[in-house]
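This report refers to the structure that appears directly beneath it.
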Amino acid sequence: QVELVESGGGVVQPGGSLTLSCVASENGFSFNPMGWYRQAPGKEREMVATMGVLGNINYGDSAKGRFTISRDNAKRTVYLQMVSLKPEDTAVYYCYARRPSIRRDFWGQGTQVTVSA
């Protein structure tokens with residue numbers, strides 16, 4: 001069973017920055033893509049950013065211009081650097097990975113990000 005373990009969440013003031021990390025328990029090259037989703041209270045889960053194994057990136061509208069995704073396949077890790085955070089970025093952020101060879105999606109447990117003064 002694949003495990004995805006997130007870290008880096010917390011409380012930050014508006015305008016602040018956070019970097020989230022997610023480590024997979026298995027070979028990073030087998031996941032395509034890896035990325036981040038988020039879910040705010042009372043809202044549906046939405047895609048924040050995903051990155052393919054060859055480096056192709058997709059950003060959700062909320063992330064464009066402020067968030068940067070990266071991944072290190074050798075370290076089985078995907079990162080999300082977030083700057084200029086806004087209160088509306090408050091959500092639980094979930095790590096996501098798809099293993100196309102078996103057509104399965106995997107999710108982390110989530111890490112809380114709270115943007116508040």
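Ligands are numbered from 1 in the order shown, residues from 1 within each chain, and chains are lettered A, B, ... in the order they appear in the structure tokens.
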
*Find the residues around Glu3 (chain A) up to 12 Å (only C-alpha atoms counted), leave out those fewer than 3 positions away in its own chain, and share them as a ChimeraX atom specification.*
/A:6,22-28,76-77,95-98,105-110

Keeping C-alpha atoms for every residue in the selection just given, could you write it to a file as a PDB file, in the first residue's frame?
ATOM      1  CA  GLU A   6       2.595  15.489   4.023  1.00  0.00           C
ATOM      2  CA  CYS A  22       4.997  15.107   0.540  1.00  0.00           C
ATOM      3  CA  VAL A  23       7.079  11.958   0.650  1.00  0.00           C
ATOM      4  CA  ALA A  24       5.885   8.784  -1.047  1.00  0.00           C
ATOM      5  CA  SER A  25       6.671   5.368   0.356  1.00  0.00           C
ATOM      6  CA  GLU A  26       7.553   3.981  -3.070  1.00  0.00           C
ATOM      7  CA  ASN A  27       9.476   4.815  -6.208  1.00  0.00           C
ATOM      8  CA  GLY A  28       8.766   8.395  -7.236  1.00  0.00           C
ATOM      9  CA  ARG A  76      10.086  10.421  -3.851  1.00  0.00           C
ATOM     10  CA  THR A  77       9.009  13.924  -2.839  1.00  0.00           C
ATOM     11  CA  CYS A  95      -0.924  15.174  -1.509  1.00  0.00           C
ATOM     12  CA  TYR A  96      -1.976  13.203  -4.570  1.00  0.00           C
ATOM     13  CA  ALA A  97      -0.222  10.631  -6.693  1.00  0.00           C
ATOM     14  CA  ARG A  98      -1.427   8.525  -9.581  1.00  0.00           C
ATOM     15  CA  ASP A 105      -4.940   7.254  -7.259  1.00  0.00           C
ATOM     16  CA  PHE A 106      -3.390   7.691  -3.835  1.00  0.00           C
ATOM     17  CA  TRP A 107      -3.992  10.401  -1.260  1.00  0.00           C
ATOM     18  CA  GLY A 108      -2.205  11.615   1.810  1.00  0.00           C
ATOM     19  CA  GLN A 109      -3.923  12.303   5.109  1.00  0.00           C
ATOM     20  CA  GLY A 110      -3.818  16.044   4.569  1.00  0.00           C
TER      21      GLY A 110
END

*What's the 9 Å shell around region 32-43 of chain A, counting only C-alpha atoms, without same-chain residues fewer than 3 positions away, as a ChimeraX atom specification?*
/A:22,28-29,46-54,56-57,69-71,77-80,88-100,110

_Distance query Gly8 (chain A) at most 8 Å, only C-alpha atoms, self and fewer than 2 positions along chain excluded, as number ranges by chain_ = A: 6, 10, 18-21, 111

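Between CA of Gly9 (chain A) and CA of Asn58 (chain A) lies a distance of 21.5 Å.
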
*Using only C-alpha atoms, which of A:Ser7, A:Ser62, A:Ser17, A:Ser101 sits nearest Leu85 (chain A)?*
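Closest to Leu85 (chain A) of all the choices is A:Ser17.
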
*as number ranges by chain, which residues of chain A does DSSP assign to strand (DSSP E or B)?*
A: 4-7, 10-12, 18-24, 34-39, 46-51, 57-59, 67-72, 77-82, 91-99, 104-107, 111-115
